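Content type TSV, C-alpha atoms and all ligand atoms, from the file entry04.tsv:
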```
chain	number	residue	atom	x	y	z
A	1	MET	CA	15.90	32.41	-57.72
A	2	ALA	CA	15.45	34.09	-54.35
A	3	VAL	CA	19.00	33.70	-53.17
A	4	LYS	CA	20.40	36.14	-50.64
A	5	VAL	CA	22.91	38.50	-52.18
A	6	PHE	CA	24.70	41.23	-50.23
A	7	ASP	CA	25.95	44.05	-52.39
A	8	LYS	CA	26.14	46.93	-49.92
A	9	PRO	CA	28.48	47.38	-46.98
A	10	ASP	CA	27.04	47.25	-43.48
A	11	GLY	CA	23.90	45.33	-44.40
A	12	LYS	CA	23.02	43.24	-41.35
A	13	VAL	CA	23.92	39.66	-42.14
A	14	ARG	CA	22.32	36.86	-40.11
A	15	LEU	CA	23.38	33.51	-41.50
A	16	ASP	CA	21.13	31.51	-39.17
A	17	ALA	CA	18.15	33.24	-40.73
A	18	ILE	CA	19.10	32.04	-44.22
A	19	SER	CA	18.10	28.56	-45.31
A	20	ALA	CA	20.85	26.20	-46.44
A	21	ASP	CA	18.34	24.04	-48.31
A	22	PRO	CA	16.94	24.36	-51.83
A	23	PRO	CA	13.63	26.21	-52.03
A	24	LYS	CA	10.36	24.28	-52.15
A	25	GLY	CA	9.52	23.04	-55.61
A	26	MET	CA	13.13	22.84	-56.74
A	27	THR	CA	14.15	19.34	-57.72
A	28	ARG	CA	17.45	17.81	-58.62
A	29	GLU	CA	16.21	17.07	-62.10
A	30	LYS	CA	15.14	20.68	-62.77
A	31	ALA	CA	18.35	22.02	-61.30
A	32	GLU	CA	20.59	19.78	-63.38
A	33	GLU	CA	18.73	20.58	-66.55
A	34	ARG	CA	19.03	24.31	-65.95
A	35	PHE	CA	22.69	23.91	-64.98
A	36	ALA	CA	23.44	22.26	-68.31
A	37	THR	CA	21.88	25.18	-70.21
A	38	LEU	CA	23.74	27.71	-68.10
A	39	GLY	CA	26.95	25.78	-68.60
A	40	GLN	CA	26.74	26.31	-72.34
A	41	GLU	CA	26.02	30.01	-71.91
A	42	LEU	CA	28.93	30.32	-69.47
A	43	PHE	CA	31.26	28.67	-71.97
A	44	ASP	CA	30.24	31.16	-74.68
A	45	LEU	CA	30.55	34.12	-72.32
A	46	GLN	CA	34.02	33.03	-71.25
A	47	ASP	CA	35.05	32.67	-74.87
A	48	ALA	CA	33.99	36.22	-75.68
A	49	MET	CA	35.67	37.55	-72.54
A	50	PHE	CA	38.88	35.68	-73.27
A	51	GLY	CA	39.13	37.00	-76.80
A	52	SER	CA	38.19	40.61	-76.09
A	53	ARG	CA	40.27	41.04	-72.93
A	54	VAL	CA	38.12	43.86	-71.63
A	55	ASN	CA	37.28	42.18	-68.35
A	56	SER	CA	38.37	39.34	-66.13
A	57	VAL	CA	36.55	37.34	-63.46
A	58	MET	CA	37.56	36.55	-59.93
A	59	VAL	CA	35.36	34.02	-58.17
A	60	VAL	CA	36.01	33.70	-54.44
A	61	LEU	CA	34.78	30.53	-52.76
A	62	GLN	CA	34.60	30.47	-49.00
A	63	GLY	CA	32.89	28.08	-46.65
A	64	ARG	CA	33.41	25.79	-43.73
A	65	ASP	CA	35.16	22.45	-44.09
A	66	SER	CA	33.17	20.11	-46.33
A	67	ALA	CA	30.89	22.94	-47.52
A	68	GLY	CA	31.69	21.91	-51.08
A	69	LYS	CA	34.34	24.29	-52.39
A	70	ASP	CA	36.10	21.54	-54.33
A	71	GLY	CA	32.84	20.21	-55.75
A	72	ALA	CA	31.69	23.67	-56.81
A	73	ILE	CA	35.01	24.28	-58.56
A	74	LYS	CA	34.83	20.96	-60.35
A	75	HIS	CA	31.37	21.74	-61.70
A	76	VAL	CA	31.97	25.37	-62.66
A	77	VAL	CA	35.34	24.65	-64.26
A	78	GLY	CA	33.69	21.77	-66.11
A	79	CYS	CA	31.66	24.36	-68.02
A	80	LEU	CA	34.67	26.42	-69.04
A	81	ASN	CA	37.47	26.26	-71.54
A	82	PRO	CA	40.53	25.34	-69.41
A	83	ARG	CA	42.66	27.62	-71.59
A	84	GLY	CA	41.44	30.72	-69.76
A	85	VAL	CA	40.85	29.34	-66.26
A	86	ILE	CA	43.12	29.39	-63.27
A	87	VAL	CA	42.23	27.82	-59.93
A	88	THR	CA	44.25	28.88	-56.91
A	89	SER	CA	43.98	27.34	-53.45
A	90	PHE	CA	45.09	29.29	-50.42
A	91	GLY	CA	46.31	27.19	-47.50
A	92	VAL	CA	48.28	28.06	-44.40
A	93	PRO	CA	50.67	30.83	-45.48
A	94	THR	CA	54.27	29.83	-46.11
A	95	LEU	CA	57.15	31.58	-44.40
A	96	GLU	CA	57.69	33.75	-47.46
A	97	GLU	CA	54.02	34.67	-47.56
A	98	ARG	CA	53.99	35.51	-43.87
A	99	GLN	CA	56.90	37.85	-44.41
A	100	HIS	CA	54.73	39.94	-46.73
A	101	ASP	CA	51.47	41.77	-46.18
A	102	PHE	CA	48.42	39.50	-46.24
A	103	LEU	CA	47.31	40.58	-49.71
A	104	TRP	CA	50.63	39.91	-51.39
A	105	ARG	CA	50.02	36.26	-52.13
A	106	VAL	CA	46.51	36.98	-53.36
A	107	HIS	CA	47.27	39.93	-55.60
A	108	ARG	CA	49.80	37.84	-57.52
A	109	HIS	CA	46.98	35.52	-58.55
A	110	ALA	CA	44.51	38.21	-59.55
A	111	PRO	CA	43.35	37.44	-63.09
A	112	ARG	CA	44.76	39.11	-66.18
A	113	LEU	CA	42.23	40.66	-68.52
A	114	GLY	CA	40.44	37.82	-70.27
A	115	GLU	CA	41.14	35.29	-67.54
A	116	PHE	CA	38.70	33.49	-65.30
A	117	SER	CA	40.21	33.02	-61.89
A	118	ILE	CA	38.76	30.87	-59.12
A	119	PHE	CA	39.96	31.16	-55.55
A	120	ASN	CA	39.55	28.17	-53.28
A	121	ARG	CA	39.74	30.16	-50.01
A	122	SER	CA	41.23	33.60	-50.31
A	123	HIS	CA	42.26	36.79	-48.56
A	124	TYR	CA	39.13	36.30	-46.44
A	125	GLU	CA	40.94	33.64	-44.41
A	126	ASP	CA	42.84	36.56	-42.91
A	127	VAL	CA	39.67	37.83	-41.25
A	128	LEU	CA	38.22	34.35	-40.58
A	129	VAL	CA	40.61	31.65	-39.37
A	130	VAL	CA	43.04	34.33	-38.23
A	131	ARG	CA	40.33	36.00	-36.18
A	132	VAL	CA	38.80	32.82	-34.74
A	133	HIS	CA	42.17	31.42	-33.68
A	134	GLY	CA	43.71	34.71	-32.61
A	135	LEU	CA	46.56	34.32	-35.14
A	136	ALA	CA	46.82	38.11	-35.28
A	137	PRO	CA	45.65	40.70	-32.76
A	138	LYS	CA	42.26	42.31	-33.26
A	139	SER	CA	43.92	45.65	-34.01
A	140	VAL	CA	45.52	43.96	-37.04
A	141	TRP	CA	42.67	41.90	-38.50
A	142	LYS	CA	40.10	44.69	-37.99
A	143	GLU	CA	42.05	46.95	-40.29
A	144	ARG	CA	41.97	44.27	-42.96
A	145	PHE	CA	38.34	44.89	-43.85
A	146	GLY	CA	39.31	48.30	-45.16
A	147	HIS	CA	42.34	46.90	-46.97
A	148	ILE	CA	40.15	44.25	-48.59
A	149	ARG	CA	37.60	46.84	-49.70
A	150	ASP	CA	40.33	48.98	-51.26
A	151	PHE	CA	41.97	45.96	-52.89
A	152	GLU	CA	38.74	44.77	-54.47
A	153	GLU	CA	37.90	48.28	-55.62
A	154	LEU	CA	41.28	48.46	-57.33
A	155	LEU	CA	40.69	45.16	-59.12
A	156	ALA	CA	37.19	46.21	-60.15
A	157	GLU	CA	38.56	49.45	-61.60
A	158	HIS	CA	40.88	47.32	-63.66
A	159	GLY	CA	37.92	45.46	-65.15
A	160	THR	CA	37.75	42.48	-62.81
A	161	VAL	CA	34.27	41.18	-62.10
A	162	ILE	CA	34.47	40.02	-58.50
A	163	LEU	CA	31.97	37.44	-57.27
A	164	LYS	CA	32.17	36.10	-53.73
A	165	TYR	CA	30.34	33.02	-52.52
A	166	PHE	CA	29.78	31.74	-49.03
A	167	LEU	CA	28.79	28.07	-49.26
A	168	HIS	CA	26.21	27.81	-46.52
A	169	ILE	CA	25.69	24.40	-44.90
A	170	THR	CA	24.13	23.42	-41.58
A	171	LYS	CA	26.05	21.86	-38.73
A	172	GLU	CA	24.09	18.64	-39.18
A	173	GLU	CA	24.93	18.46	-42.88
A	174	GLN	CA	28.60	18.98	-42.08
A	175	GLU	CA	28.58	16.14	-39.59
A	176	GLU	CA	27.03	13.81	-42.14
A	177	ARG	CA	29.59	14.76	-44.76
A	178	LEU	CA	32.55	14.35	-42.44
A	179	LEU	CA	31.34	10.93	-41.33
A	180	GLU	CA	30.66	9.92	-44.92
A	181	ARG	CA	34.23	10.74	-45.85
A	182	GLU	CA	35.46	8.18	-43.36
A	183	GLU	CA	33.48	5.45	-45.04
A	184	GLN	CA	34.44	6.10	-48.62
A	185	PRO	CA	37.90	5.09	-49.78
A	186	ASP	CA	37.89	7.69	-52.57
A	187	THR	CA	37.49	10.56	-50.09
A	188	ALA	CA	39.74	9.11	-47.39
A	189	TRP	CA	42.51	11.46	-48.47
A	190	LYS	CA	40.41	14.33	-47.17
A	191	LEU	CA	40.26	13.00	-43.60
A	192	ASN	CA	41.61	15.58	-41.22
A	193	PRO	CA	41.02	15.79	-37.46
A	194	ASN	CA	41.28	19.53	-37.84
A	195	ASP	CA	37.84	19.55	-39.48
A	196	TRP	CA	36.34	18.27	-36.22
A	197	LYS	CA	38.36	20.73	-34.16
A	198	GLU	CA	37.16	23.60	-36.33
A	199	ARG	CA	33.57	22.46	-35.74
A	200	ASP	CA	33.97	23.37	-32.08
A	201	HIS	CA	34.32	26.96	-33.24
A	202	TRP	CA	31.15	26.90	-35.34
A	203	ASP	CA	29.54	29.97	-33.75
A	204	GLU	CA	32.73	32.01	-33.81
A	205	TYR	CA	33.08	31.28	-37.51
A	206	THR	CA	29.46	32.25	-38.05
A	207	GLY	CA	30.14	35.64	-36.45
A	208	ALA	CA	33.37	36.09	-38.40
A	209	TYR	CA	31.63	35.27	-41.69
A	210	GLU	CA	28.75	37.60	-40.93
A	211	ASP	CA	31.16	40.44	-40.25
A	212	ALA	CA	33.29	39.70	-43.30
A	213	ILE	CA	30.25	39.64	-45.54
A	214	SER	CA	28.63	42.76	-44.16
A	215	ARG	CA	31.84	44.77	-44.11
A	216	THR	CA	33.07	43.91	-47.57
A	217	ALA	CA	29.90	43.56	-49.61
A	218	ALA	CA	29.88	46.05	-52.47
A	219	LYS	CA	28.09	46.54	-55.76
A	220	HIS	CA	31.30	45.66	-57.60
A	221	ALA	CA	32.09	42.76	-55.23
A	222	PRO	CA	28.86	41.17	-53.99
A	223	TRP	CA	28.59	38.24	-51.61
A	224	THR	CA	26.10	35.50	-52.38
A	225	VAL	CA	25.08	33.18	-49.58
A	226	VAL	CA	24.72	29.88	-51.43
A	227	PRO	CA	22.33	27.35	-49.90
A	228	ALA	CA	24.75	24.43	-50.12
A	229	ASN	CA	23.15	21.53	-48.24
A	230	ALA	CA	22.24	20.04	-51.63
A	231	LYS	CA	25.20	19.91	-53.99
A	232	TRP	CA	23.09	20.10	-57.14
A	233	TYR	CA	21.39	23.30	-55.94
A	234	ARG	CA	24.71	24.81	-54.87
A	235	ASN	CA	26.08	24.29	-58.38
A	236	LEU	CA	23.02	25.83	-59.95
A	237	VAL	CA	23.08	28.94	-57.76
A	238	ILE	CA	26.73	29.62	-58.50
A	239	ALA	CA	26.36	29.07	-62.24
A	240	GLU	CA	23.25	31.25	-62.41
A	241	SER	CA	24.94	34.01	-60.46
A	242	ILE	CA	28.08	34.03	-62.62
A	243	VAL	CA	26.08	34.01	-65.84
A	244	GLU	CA	23.85	36.84	-64.60
A	245	ALA	CA	26.88	38.92	-63.69
A	246	LEU	CA	28.51	38.44	-67.10
A	247	ARG	CA	25.59	38.39	-69.50
A	248	GLY	CA	25.19	42.19	-69.57
A	249	ARG	CA	28.80	42.64	-70.65
A	250	ARG	CA	28.61	40.38	-73.65
A	251	LYS	CA	27.63	43.15	-76.10
A	252	ASP	CA	30.68	45.13	-75.06
A	253	TRP	CA	32.93	42.14	-75.60
A	254	GLU	CA	31.42	41.37	-78.96
A	255	LYS	CA	31.89	44.97	-80.04
A	256	THR	CA	35.54	44.76	-79.12
A	257	LEU	CA	35.88	41.42	-80.88
A	258	ASP	CA	34.33	42.98	-83.95
A	259	GLU	CA	36.81	45.87	-83.88
A	260	MET	CA	39.66	43.44	-83.32
A	261	GLY	CA	38.44	41.46	-86.31
A	262	LYS	CA	38.32	44.58	-88.47
A	263	SER	CA	41.79	45.68	-87.54
A	264	GLY	CA	43.09	42.12	-87.98
A	265	ARG	CA	41.57	41.97	-91.47
A	266	ALA	CA	42.98	45.40	-92.34
A	267	GLY	CA	46.43	44.13	-91.32
A	268	LEU	CA	46.02	41.05	-93.48
A	269	ASP	CA	44.82	43.10	-96.45
A	270	ALA	CA	47.83	45.41	-96.16
A	271	TYR	CA	50.16	42.43	-95.98
A	272	ARG	CA	48.61	40.80	-99.04
A	273	ALA	CA	48.79	44.06	-100.97
A	274	GLN	CA	52.50	44.28	-100.13
A	275	VAL	CA	53.11	40.70	-101.27
A	276	ALA	CA	51.18	41.32	-104.49
A	277	ALA	CA	53.16	44.50	-105.19
A	278	LYS	CA	56.45	42.57	-104.99
A	279	LYS	CA	55.36	40.02	-107.56
B	301	LIG	P1	40.89	22.82	-47.78
B	301	LIG	O1	40.42	22.65	-46.38
B	301	LIG	O2	40.59	24.18	-48.35
B	301	LIG	O3	40.44	21.70	-48.69
B	301	LIG	P2	43.52	22.40	-46.74
B	301	LIG	O4	43.15	21.14	-46.04
B	301	LIG	O5	44.87	22.53	-47.37
B	301	LIG	O6	42.46	22.75	-47.84
B	301	LIG	O7	43.31	23.56	-45.68
B	301	LIG	C1	43.76	24.80	-45.86
B	301	LIG	C2	43.92	25.41	-44.46
B	301	LIG	O8	44.65	26.60	-44.58
B	301	LIG	C3	42.58	25.74	-43.82
B	301	LIG	O9	42.53	25.21	-42.52
B	301	LIG	C4	42.61	27.26	-43.76
B	301	LIG	O10	41.92	27.79	-42.69
B	301	LIG	C5	44.10	27.51	-43.68
B	301	LIG	N1	44.43	28.88	-44.10
B	301	LIG	C6	44.18	29.45	-45.28
B	301	LIG	N2	44.58	30.74	-45.29
B	301	LIG	C7	45.11	30.96	-44.06
B	301	LIG	C8	45.69	32.10	-43.45
B	301	LIG	N3	45.82	33.25	-44.11
B	301	LIG	N4	46.15	31.97	-42.20
B	301	LIG	C9	46.03	30.80	-41.54
B	301	LIG	N5	45.49	29.69	-42.05
B	301	LIG	C10	45.02	29.77	-43.30
```

As C-alpha cells, please, write out the structure in this file.
Amino acid sequence: MAVKVFDKPDGKVRLDAISADPPKGMTREKAEERFATLGQELFDLQDAMFGSRVNSVMVVLQGRDSAGKDGAIKHVVGCLNPRGVIVTSFGVPTLEERQHDFLWRVHRHAPRLGEFSIFNRSHYEDVLVVRVHGLAPKSVWKERFGHIRDFEELLAEHGTVILKYFLHITKEEQEERLLEREEQPDTAWKLNPNDWKERDHWDEYTGAYEDAISRTAAKHAPWTVVPANAKWYRNLVIAESIVEALRGRRKDWEKTLDEMGKSGRAGLDAYRAQVAAKK
C-alpha cells in the first residue's frame, strides 16, 4: 500500500498533495476481506504482547471533526482482546489539567508494558487547537514540539511502540458527513455547531497539522497520513500499519513467553516435589 508515512523530522509535509481517497483498483470488498485477515493477526500479536510484557503500543488518532476517529477506534478495538486495551479521549483540559504542564494528563495514560493504548486526540491538541485559536502564545506552543519529541523518545525507550495517524479527509467530505449527521437520529448526539466554526479555520489547521507532523515525525514515532474519505479504506490502512509495526517483534515476544513458560514449569515442578516429599 503506497500510503504516505513520515518517519523523519523536518520532512516537508504538504497535505493538499496527498490524496484522501483510496487508490485506483482498491474496492470495498477487497479492503474488508484483507481487514478481516489482518484483524486475526492483530489479535494474535496483541495476545503475545500482552503475555510477554516486553512492549506496549500507543496509537494516536488525530484528525478534523468527523474525520472518523471514533469509527477507526471501533474497528481497531473490535479486532483486539478488550482485556489489554485502553481507549482514552482527550477533550478540553479540566482546571486540574490546566494547572499542570500539558503532558501531565497524557503521560498518566501512557500504556504499561503489555497494554495497547489508543488515544482519541492527544498531546497534539496542544500544538493544534491551541495554536489555531491562540489559546497559548506562540513562544509557549513552539517549545512544545521539542517537549513532545523528548516525551515520545522516553516512551519508546521504555518499549512503547508509538504509531500516530492523521485521518485525512477533504473539506467536501467533511461537509457531507456533518450534514448527514443532522439527518440521522442515531448520530444526532454528535451535532455540535463548533464543528462548523472549526471548518472556518480549515487552512490554519492544515498548516498546524503539517508542522506538527514534520516536526515530530521520528523512526520510533512515525506519522501516517491515512486517506480517510472512505471509511473502509481508512480502517484497512490503520490495521495494516499497526500489524506491520508489530509483526517483526513477535519472535521476541514468543521467546520471552517461552522463557516464562519454562520458569513457570520449573516453579510448578519444585512445588510438586515439595508436596510429594511431605507425603
Ligand atoms: P471529539 O470531537 O473528539 O469527538 P469532543 O466533542 O469532546 O470530542 O471534543 C473535544 C474538544 O476538545 C475538541 O474541540 C478539541 O479540540 C478540544 N481539546 C482537546 N484537547 C485540547 C486542549 N489541550 N486544549 C484545548 N482544547 C482541546

Next item on the list: Using only C-alpha atoms, determine which residues lie at most 12 Å from Glu180 in chain A, disregarding the query and same-chain residues fewer than 6 positions distant; provide the list as a PyMOL selection string.
Entry: chain A and resi 66+173-174+186-188+190-191

Store the residues picked out above, limited to C-alpha atoms, as a compact mmCIF listing (two decimals), keeping the file's coordinate frame.
```txt
# COMPACT_ATOMS: atom_id res chain seq x y z
CA SER A 66 33.17 20.11 -46.33
CA GLU A 173 24.93 18.46 -42.88
CA GLN A 174 28.60 18.98 -42.08
CA ASP A 186 37.89 7.69 -52.57
CA THR A 187 37.49 10.56 -50.09
CA ALA A 188 39.74 9.11 -47.39
CA LYS A 190 40.41 14.33 -47.17
CA LEU A 191 40.26 13.00 -43.60
```

Note to self: Residues within 12 Å of range 7-12 of chain A, please, as a list in words. Count all atoms listed in the file; anything in the same chain fewer than 5 positions from it doesn't count.
What the structure shows: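 These residues fall inside the cut-off: Ala17, Phe145, Gly146, Arg149, Ile162, Leu163, Lys164, Tyr165, Gly207, Tyr209, Glu210, Asp211, Ala212, Ile213, Ser214, Arg215, Thr216, Ala217, Ala218, Lys219, His220, Ala221, Pro222, Trp223, Thr224 and Val225 of chain A.
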
Margin query: Here is a test: counting all atoms listed in the file, which residue of A:Val76, A:Ala277, A:Ala156, A:Val106 is nearest to Ala239 in chain A?
Written below: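 Between A:Val76, A:Ala277, A:Ala156, A:Val106, the residue approaching Ala239 in chain A most closely is A:Val76.
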
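What separates atom N5 of ligand LIG 301 (chain B) from CA of Glu125 in chain A is a distance of 6.5 Å.
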
So that each row is one residue of chain A with an atom at most 6 Å from ligand LIG 301 (chain B), can you give its shortest atom pair and the distance in Å to one decimal, using only C-alpha atoms and all ligand atoms, rows by chain and rising number, as a Markdown table?
```
| residue | atom | partner | partner_atom | distance |
| --- | --- | --- | --- | --- |
| A:Asp65 | CA | B:LIG301 | O1 | 5.7 |
| A:Phe90 | CA | B:LIG301 | C6 | 5.2 |
| A:Gly91 | CA | B:LIG301 | O8 | 3.4 |
| A:Val92 | CA | B:LIG301 | C10 | 3.8 |
| A:Pro93 | CA | B:LIG301 | C8 | 5.5 |
| A:Glu125 | CA | B:LIG301 | N2 | 4.7 |
| A:Asp126 | CA | B:LIG301 | N3 | 4.6 |
| A:Val129 | CA | B:LIG301 | O10 | 5.3 |
| A:Val130 | CA | B:LIG301 | N4 | 5.6 |
```

Notebook entry, point to check: Counting all atoms listed in the file, which of A:Arg121, A:Lys138, A:Tyr205, A:Glu254 gets nearest to Gly68 in chain A?
Noted result: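 Among the listed residues, A:Arg121 lies closest to Gly68 in chain A.
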
Notebook entry, point to check: What gap, in Å, lies between CA of His133 in chain A and CA of Leu95 in chain A?
Noted result: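 So the answer is 18.4 Å.
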
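Closest approach to Gly39 in chain A among A:Cys79, A:Ile238, A:Val161, A:Val87 is made by A:Cys79 (distances from all atoms listed in the file).
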
Item checked: Counting all atoms listed in the file, the option among A:Glu153, A:Glu259, A:Asp101, A:Asp44 closest to Asn81 in chain A -> A:Asp44

Notebook entry, point to check: Between CA of Thr88 in chain A and CA of Trp104 in chain A, what is the distance, to one decimal in Å?
Noted result: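 Spanning CA of Thr88 in chain A to CA of Trp104 in chain A is a straight-line distance of 13.9 Å.
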
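You can rank A:Lys4, A:Arg265, A:His75, A:Lys69 by their closest distance to Leu167 in chain A using only C-alpha atoms, and at the top of that list sits A:Lys69.
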
Next item on the list: Just the residues within 12 Å of Phe50 in chain A, please, counting all atoms listed in the file, with nothing from its chain fewer than 3 positions along; format it as number ranges by chain.
Entry: A: 42-47, 53-57, 80-85, 111-117, 250, 253-254, 256-257

Check: Using all atoms listed in the file, which residues sit within 10 Å of range 18-24 of chain A once same-chain residues fewer than 4 positions away are excluded, as a ChimeraX atom specification?
Finding: /A:1-4,13-14,28,31,167-170,173,225-234,237

Margin query: Under the rule that all atoms listed in the file are counted, which of A:Pro185, A:Gly63, A:Gly264, A:Gly134 is the nearest residue to Asn120 in chain A?
Written below: A:Gly63

Student task, range 165-177 of chain A output with N, CA and C atoms as an mmCIF file, in the first residue's frame:
```cif
data_model
loop_
_atom_site.group_PDB
_atom_site.id
_atom_site.type_symbol
_atom_site.label_atom_id
_atom_site.label_comp_id
_atom_site.auth_asym_id
_atom_site.auth_seq_id
_atom_site.Cartn_x
_atom_site.Cartn_y
_atom_site.Cartn_z
ATOM 1 N N TYR A 165 -1.505 8.652 13.697
ATOM 2 C CA TYR A 165 -2.296 8.676 12.464
ATOM 3 C C TYR A 165 -3.029 9.998 12.315
ATOM 4 N N PHE A 166 -2.855 10.597 11.151
ATOM 5 C CA PHE A 166 -3.678 11.755 10.814
ATOM 6 C C PHE A 166 -4.731 11.275 9.830
ATOM 7 N N LEU A 167 -6.000 11.337 10.241
ATOM 8 C CA LEU A 167 -7.087 10.897 9.359
ATOM 9 C C LEU A 167 -7.403 12.046 8.396
ATOM 10 N N HIS A 168 -7.048 11.811 7.156
ATOM 11 C CA HIS A 168 -7.065 12.860 6.139
ATOM 12 C C HIS A 168 -8.367 12.808 5.328
ATOM 13 N N ILE A 169 -9.212 13.839 5.503
ATOM 14 C CA ILE A 169 -10.430 13.919 4.684
ATOM 15 C C ILE A 169 -10.421 15.269 3.951
ATOM 16 N N THR A 170 -11.227 15.346 2.895
ATOM 17 C CA THR A 170 -11.328 16.611 2.176
ATOM 18 C C THR A 170 -12.423 17.472 2.809
ATOM 19 N N LYS A 171 -12.384 18.740 2.461
ATOM 20 C CA LYS A 171 -13.377 19.673 3.007
ATOM 21 C C LYS A 171 -14.785 19.291 2.541
ATOM 22 N N GLU A 172 -14.864 18.800 1.317
ATOM 23 C CA GLU A 172 -16.169 18.398 0.760
ATOM 24 C C GLU A 172 -16.723 17.185 1.521
ATOM 25 N N GLU A 173 -15.838 16.231 1.783
ATOM 26 C CA GLU A 173 -16.250 15.030 2.514
ATOM 27 C C GLU A 173 -16.723 15.423 3.917
ATOM 28 N N GLN A 174 -16.036 16.359 4.530
ATOM 29 C CA GLN A 174 -16.442 16.771 5.875
ATOM 30 C C GLN A 174 -17.840 17.386 5.849
ATOM 31 N N GLU A 175 -18.077 18.217 4.858
ATOM 32 C CA GLU A 175 -19.391 18.861 4.762
ATOM 33 C C GLU A 175 -20.491 17.799 4.639
ATOM 34 N N GLU A 176 -20.249 16.838 3.777
ATOM 35 C CA GLU A 176 -21.241 15.765 3.599
ATOM 36 C C GLU A 176 -21.516 15.036 4.909
ATOM 37 N N ARG A 177 -20.430 14.746 5.617
ATOM 38 C CA ARG A 177 -20.589 13.992 6.876
ATOM 39 C C ARG A 177 -21.326 14.808 7.931
#
```
